[in-house]
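Here is the structure we will look at, set down as structure tokens.
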Amino acid sequence: MQEVKSAIMPGGAENPGEGLRVLIVGAGGFMGSHFVEEGLRLGFEVWAGVRPSTDRSALTNPSIRFVEFDYDDPAAVAKALNEALPESRWDYIIYNLGATKVARYADFNRINYEYLKIFTSALHTTGKIPRKLLYLSSLSVMGAFSERDCAPYTEEMIPQPDTRYGASKLKAELWLATAGIPYIIFRATGIYGPRDHDYFLMFASIKKGFDFGVGYRKQMLTFIYGPDLAEAAYMALEKAPAGEIYNISEPRAYTQREFRRLAMRKLRKKLVLPLKMPMAAVKAVCAIAERIGLLRNKPFTLNSDKFRILKRRNWNCSTQKAERDFGFRAPTDLNAGIERTIDWYVSEGWL
């Protein structure tokens, strides 16, 4: 894999991104920080696109350059782009901005679709179209498929999202297809790794001796280690043809039992009680949590949209296209990824 990485950019093996600029839109989140770190490792001039209120605790490298965006104001976005690089442009843009949970479902459309539309329109207005823009989408755009035999999703299948989140990401994908910008789309699966909060809750629960599952039928899950996803992004920006969509995952699926056993081994837990909740109970809990979130105007992890995601049994997907087009095969399997992730949680005092 290292041989492929050293050849993906100009500038030599040690600094393959030297002389190139990359802008990470949505740099303050879990994956945003990994995109920034990988860009710096490759020798890019890295720009972090953030809001004024963004937590920058993971963006402390003095080499990082910042540009602040007010995504609700199209004129302000264009102005920020112009002021950041008055007479130039970014070679690549990684668009990582998005919402996975919201207080009101209309916010999915606003954040995941309208903000992308505003940003790409500003690129045209300012004349800052990059060589390629990589958009981080989700396998959720596909909707439920092959729930019993768990055949893998492929990029050639027609998306049929069954969640508002998935529908908003699909709208964004369709917009990019008409936006006049060279783009690549990643449909990522379950992303985990250092600084992630969602999977942290699962590890914390297993450490306490409980593993909560949904439904009684087997569920096939796929994962991608955050730093591996960042590596794939830069490989695709240089090697993959524009206008393509890629499933990004480790090239195998796991059951929840396998995930639990790997976490137990790393956490040195000999006994963990697997608790399976019936679908009807999960649906009721999600409905109640959604109502509380609406009353408090605060995003809750559980809601009716999330229930459809939890209910889905098949998250298996083919990764052959990414391997064929730009040589990416996830180097970190779930066992190694869990070990590194838990080591980070422990070192940071999370676990």
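Chain labels run A, B, ... following the order of the structure tokens; each chain numbers its residues from 1, and ligands are numbered from 1 in the order shown.
Close contacts of A:Trp175, defined as residues with an atom at most 9 Å away when counting only C-alpha atoms, with chain neighbours fewer than 5 positions off set aside, comprise Tyr113, Leu116, Lys117 and Leu170 of chain A.
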Give me, as a PDB file with C-alpha atoms, in the first residue's frame, all polymer residues having an atom no more than 12 Å from A:Asn335, counting only C-alpha atoms and skipping those fewer than 4 positions away in the same chain.
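This went into result-v7.pdb:
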ATOM      1  CA  GLY A 193     -11.607   5.878  15.064  1.00  0.00           C
ATOM      2  CA  PHE A 223     -16.763  -0.326   8.884  1.00  0.00           C
ATOM      3  CA  ILE A 224     -14.021   2.041   7.788  1.00  0.00           C
ATOM      4  CA  TYR A 225     -11.285   3.297  10.099  1.00  0.00           C
ATOM      5  CA  GLU A 250     -13.203  -2.447   4.789  1.00  0.00           C
ATOM      6  CA  TYR A 254     -19.109  -8.308  10.437  1.00  0.00           C
ATOM      7  CA  GLU A 258     -17.901 -10.300  16.041  1.00  0.00           C
ATOM      8  CA  PHE A 259     -17.649  -6.575  16.819  1.00  0.00           C
ATOM      9  CA  ARG A 260     -18.412  -7.265  20.488  1.00  0.00           C
ATOM     10  CA  ARG A 261     -15.812 -10.028  20.778  1.00  0.00           C
ATOM     11  CA  LEU A 262     -13.074  -7.843  19.296  1.00  0.00           C
ATOM     12  CA  ALA A 263     -13.930  -5.009  21.680  1.00  0.00           C
ATOM     13  CA  MET A 264     -14.101  -7.405  24.651  1.00  0.00           C
ATOM     14  CA  ARG A 265     -10.651  -8.780  23.874  1.00  0.00           C
ATOM     15  CA  LYS A 266      -9.104  -5.309  23.704  1.00  0.00           C
ATOM     16  CA  PRO A 331      -5.296  -1.398   5.202  1.00  0.00           C
ATOM     17  CA  GLU A 339      -7.276  -1.670  19.173  1.00  0.00           C
ATOM     18  CA  ARG A 340      -5.959   1.697  17.972  1.00  0.00           C
ATOM     19  CA  THR A 341      -9.233   3.473  18.685  1.00  0.00           C
ATOM     20  CA  ILE A 342      -9.528   2.140  22.228  1.00  0.00           C
TER      21      ILE A 342
END
Notebook entry, point to check: Looking at only C-alpha atoms, which of A:Asp196, A:Glu147, A:Ala106, A:Ser88 is the one that sits closest to A:Gly29?
Noted result: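 Closest residue, counting only C-alpha atoms: A:Asp196.
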Next item on the list: Rank nothing, just name the residue among A:Thr100, A:Asn303, A:Thr163, A:Asn316 nearest to A:Ala284, using only C-alpha atoms.
Entry: A:Asn303
Next item on the list: as a PyMOL selection string, please: all residues of stretch 62-295 of chain A that backbone DSSP puts in alpha helix (DSSP H).
Entry: chain A and resi 74-84+106-108+115-126+164-176+198-207+226-239+256-267+279-295
Determine, counting only C-alpha atoms, which protein, DNA and RNA residues have an atom within 8 Å of an atom of stretch 119-133 of chain A; residues of the same chain fewer than 2 positions away are not included. Present the result as a PDB file with N, CA and C atoms, in the first residue's frame.
ATOM      1  N   TYR A  71     -22.550  29.577   6.301  1.00  0.00           N
ATOM      2  CA  TYR A  71     -23.206  28.855   5.213  1.00  0.00           C
ATOM      3  C   TYR A  71     -24.631  29.323   4.955  1.00  0.00           C
ATOM      4  N   PRO A  74     -25.045  33.219   1.321  1.00  0.00           N
ATOM      5  CA  PRO A  74     -24.286  32.943   0.097  1.00  0.00           C
ATOM      6  C   PRO A  74     -23.232  34.003  -0.217  1.00  0.00           C
ATOM      7  N   ALA A  75     -23.552  35.275  -0.007  1.00  0.00           N
ATOM      8  CA  ALA A  75     -22.592  36.338  -0.295  1.00  0.00           C
ATOM      9  C   ALA A  75     -21.381  36.243   0.631  1.00  0.00           C
ATOM     10  N   VAL A  77     -20.186  33.490   2.000  1.00  0.00           N
ATOM     11  CA  VAL A  77     -19.364  32.350   1.587  1.00  0.00           C
ATOM     12  C   VAL A  77     -18.448  32.753   0.441  1.00  0.00           C
ATOM     13  N   ALA A  78     -18.994  33.430  -0.555  1.00  0.00           N
ATOM     14  CA  ALA A  78     -18.183  33.889  -1.687  1.00  0.00           C
ATOM     15  C   ALA A  78     -17.096  34.867  -1.232  1.00  0.00           C
ATOM     16  N   LEU A  81     -14.232  32.980   0.459  1.00  0.00           N
ATOM     17  CA  LEU A  81     -13.378  32.316  -0.519  1.00  0.00           C
ATOM     18  C   LEU A  81     -12.426  33.303  -1.180  1.00  0.00           C
ATOM     19  N   ASN A  82     -12.939  34.445  -1.564  1.00  0.00           N
ATOM     20  CA  ASN A  82     -12.115  35.451  -2.226  1.00  0.00           C
ATOM     21  C   ASN A  82     -11.047  36.018  -1.305  1.00  0.00           C
ATOM     22  N   SER A  88      -6.020  33.111  -6.497  1.00  0.00           N
ATOM     23  CA  SER A  88      -5.701  31.713  -6.773  1.00  0.00           C
ATOM     24  C   SER A  88      -6.892  30.838  -6.395  1.00  0.00           C
ATOM     25  N   ARG A  89      -6.646  29.536  -6.316  1.00  0.00           N
ATOM     26  CA  ARG A  89      -7.705  28.590  -5.964  1.00  0.00           C
ATOM     27  C   ARG A  89      -7.070  27.380  -5.281  1.00  0.00           C
ATOM     28  N   TRP A  90      -7.915  26.528  -4.720  1.00  0.00           N
ATOM     29  CA  TRP A  90      -7.449  25.280  -4.135  1.00  0.00           C
ATOM     30  C   TRP A  90      -7.389  24.219  -5.219  1.00  0.00           C
ATOM     31  N   ASP A  91      -6.352  23.379  -5.168  1.00  0.00           N
ATOM     32  CA  ASP A  91      -6.263  22.289  -6.134  1.00  0.00           C
ATOM     33  C   ASP A  91      -7.368  21.262  -5.893  1.00  0.00           C
ATOM     34  N   TYR A  92      -7.594  20.968  -4.611  1.00  0.00           N
ATOM     35  CA  TYR A  92      -8.611  19.980  -4.252  1.00  0.00           C
ATOM     36  C   TYR A  92      -9.468  20.514  -3.109  1.00  0.00           C
ATOM     37  N   ILE A  93     -10.700  20.059  -3.069  1.00  0.00           N
ATOM     38  CA  ILE A  93     -11.592  20.375  -1.957  1.00  0.00           C
ATOM     39  C   ILE A  93     -12.217  19.070  -1.464  1.00  0.00           C
ATOM     40  N   ILE A  94     -12.175  18.855  -0.177  1.00  0.00           N
ATOM     41  CA  ILE A  94     -12.887  17.735   0.447  1.00  0.00           C
ATOM     42  C   ILE A  94     -14.068  18.324   1.200  1.00  0.00           C
ATOM     43  N   TYR A  95     -15.262  18.000   0.756  1.00  0.00           N
ATOM     44  CA  TYR A  95     -16.471  18.562   1.356  1.00  0.00           C
ATOM     45  C   TYR A  95     -17.014  17.565   2.372  1.00  0.00           C
ATOM     46  N   TYR A 115     -26.623  23.868   1.920  1.00  0.00           N
ATOM     47  CA  TYR A 115     -25.282  24.401   2.154  1.00  0.00           C
ATOM     48  C   TYR A 115     -24.321  23.997   1.044  1.00  0.00           C
ATOM     49  N   LEU A 116     -24.422  22.761   0.562  1.00  0.00           N
ATOM     50  CA  LEU A 116     -23.578  22.334  -0.552  1.00  0.00           C
ATOM     51  C   LEU A 116     -23.892  23.148  -1.798  1.00  0.00           C
ATOM     52  N   LYS A 117     -25.171  23.383  -2.031  1.00  0.00           N
ATOM     53  CA  LYS A 117     -25.582  24.167  -3.194  1.00  0.00           C
ATOM     54  C   LYS A 117     -25.020  25.587  -3.113  1.00  0.00           C
ATOM     55  N   TYR A 135     -16.873  14.645  -2.264  1.00  0.00           N
ATOM     56  CA  TYR A 135     -18.030  14.810  -1.389  1.00  0.00           C
ATOM     57  C   TYR A 135     -18.220  13.549  -0.551  1.00  0.00           C
ATOM     58  N   ALA A 179     -23.727  20.363 -11.153  1.00  0.00           N
ATOM     59  CA  ALA A 179     -23.159  21.609 -10.649  1.00  0.00           C
ATOM     60  C   ALA A 179     -21.999  22.146 -11.480  1.00  0.00           C
ATOM     61  N   ILE A 181     -18.901  20.977 -11.641  1.00  0.00           N
ATOM     62  CA  ILE A 181     -17.650  20.884 -10.892  1.00  0.00           C
ATOM     63  C   ILE A 181     -17.151  19.448 -10.984  1.00  0.00           C
ATOM     64  N   PRO A 182     -15.855  19.224 -11.266  1.00  0.00           N
ATOM     65  CA  PRO A 182     -15.330  17.850 -11.266  1.00  0.00           C
ATOM     66  C   PRO A 182     -15.435  17.259  -9.853  1.00  0.00           C
ATOM     67  N   TYR A 183     -16.208  16.211  -9.703  1.00  0.00           N
ATOM     68  CA  TYR A 183     -16.494  15.694  -8.362  1.00  0.00           C
ATOM     69  C   TYR A 183     -16.234  14.201  -8.274  1.00  0.00           C
ATOM     70  N   ILE A 184     -16.044  13.758  -7.047  1.00  0.00           N
ATOM     71  CA  ILE A 184     -16.018  12.337  -6.692  1.00  0.00           C
ATOM     72  C   ILE A 184     -16.897  12.195  -5.454  1.00  0.00           C
ATOM     73  N   LEU A 237      -8.666  11.667  -5.071  1.00  0.00           N
ATOM     74  CA  LEU A 237      -8.560  12.993  -5.678  1.00  0.00           C
ATOM     75  C   LEU A 237      -7.523  13.014  -6.790  1.00  0.00           C
ATOM     76  N   ALA A 242     -13.133  11.841 -12.511  1.00  0.00           N
ATOM     77  CA  ALA A 242     -14.217  12.684 -12.005  1.00  0.00           C
ATOM     78  C   ALA A 242     -15.563  12.102 -12.416  1.00  0.00           C
TER      79      ALA A 242
END
Notebook entry, point to check: In Å to one decimal, how far is atom CA of A:Phe66 from atom CA of A:Trp47?
Noted result: 5.4 Å
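The closest residue to A:Ala322, picked from A:Met202, A:Leu229, A:Ile24, A:Ala80 and counting only C-alpha atoms, is A:Leu229.
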Item checked: Nearest to A:Phe35, chosen from A:Pro241, A:Gly293, A:Gly190, A:Pro227, with only C-alpha atoms counted in the distances ->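 Of A:Pro241, A:Gly293, A:Gly190, A:Pro227, the one nearest A:Phe35, counting only C-alpha atoms, is A:Pro227.
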Per residue of stretch 214-277 of chain A within 12 Å of stretch 307-313 of chain A, what are the shortest atom pair and its distance in Å to one decimal, counting only C-alpha atoms, with rows by chain and residue number, as a Markdown table?
| residue | atom | partner | partner_atom | distance |
| --- | --- | --- | --- | --- |
| A:Val214 | CA | A:Leu310 | CA | 6.7 |
| A:Gly215 | CA | A:Lys311 | CA | 7.2 |
| A:Tyr216 | CA | A:Arg313 | CA | 10.0 |
| A:Arg217 | CA | A:Arg313 | CA | 7.5 |
| A:Lys218 | CA | A:Arg313 | CA | 6.7 |
| A:Gln219 | CA | A:Arg313 | CA | 4.3 |
| A:Met220 | CA | A:Arg313 | CA | 6.1 |
| A:Leu221 | CA | A:Arg313 | CA | 8.0 |
| A:Thr222 | CA | A:Arg313 | CA | 11.2 |
| A:Ala253 | CA | A:Arg313 | CA | 11.5 |
| A:Tyr254 | CA | A:Arg313 | CA | 11.4 |
| A:Thr255 | CA | A:Arg313 | CA | 9.9 |
| A:Gln256 | CA | A:Arg313 | CA | 10.8 |
| A:Met277 | CA | A:Lys311 | CA | 11.0 |
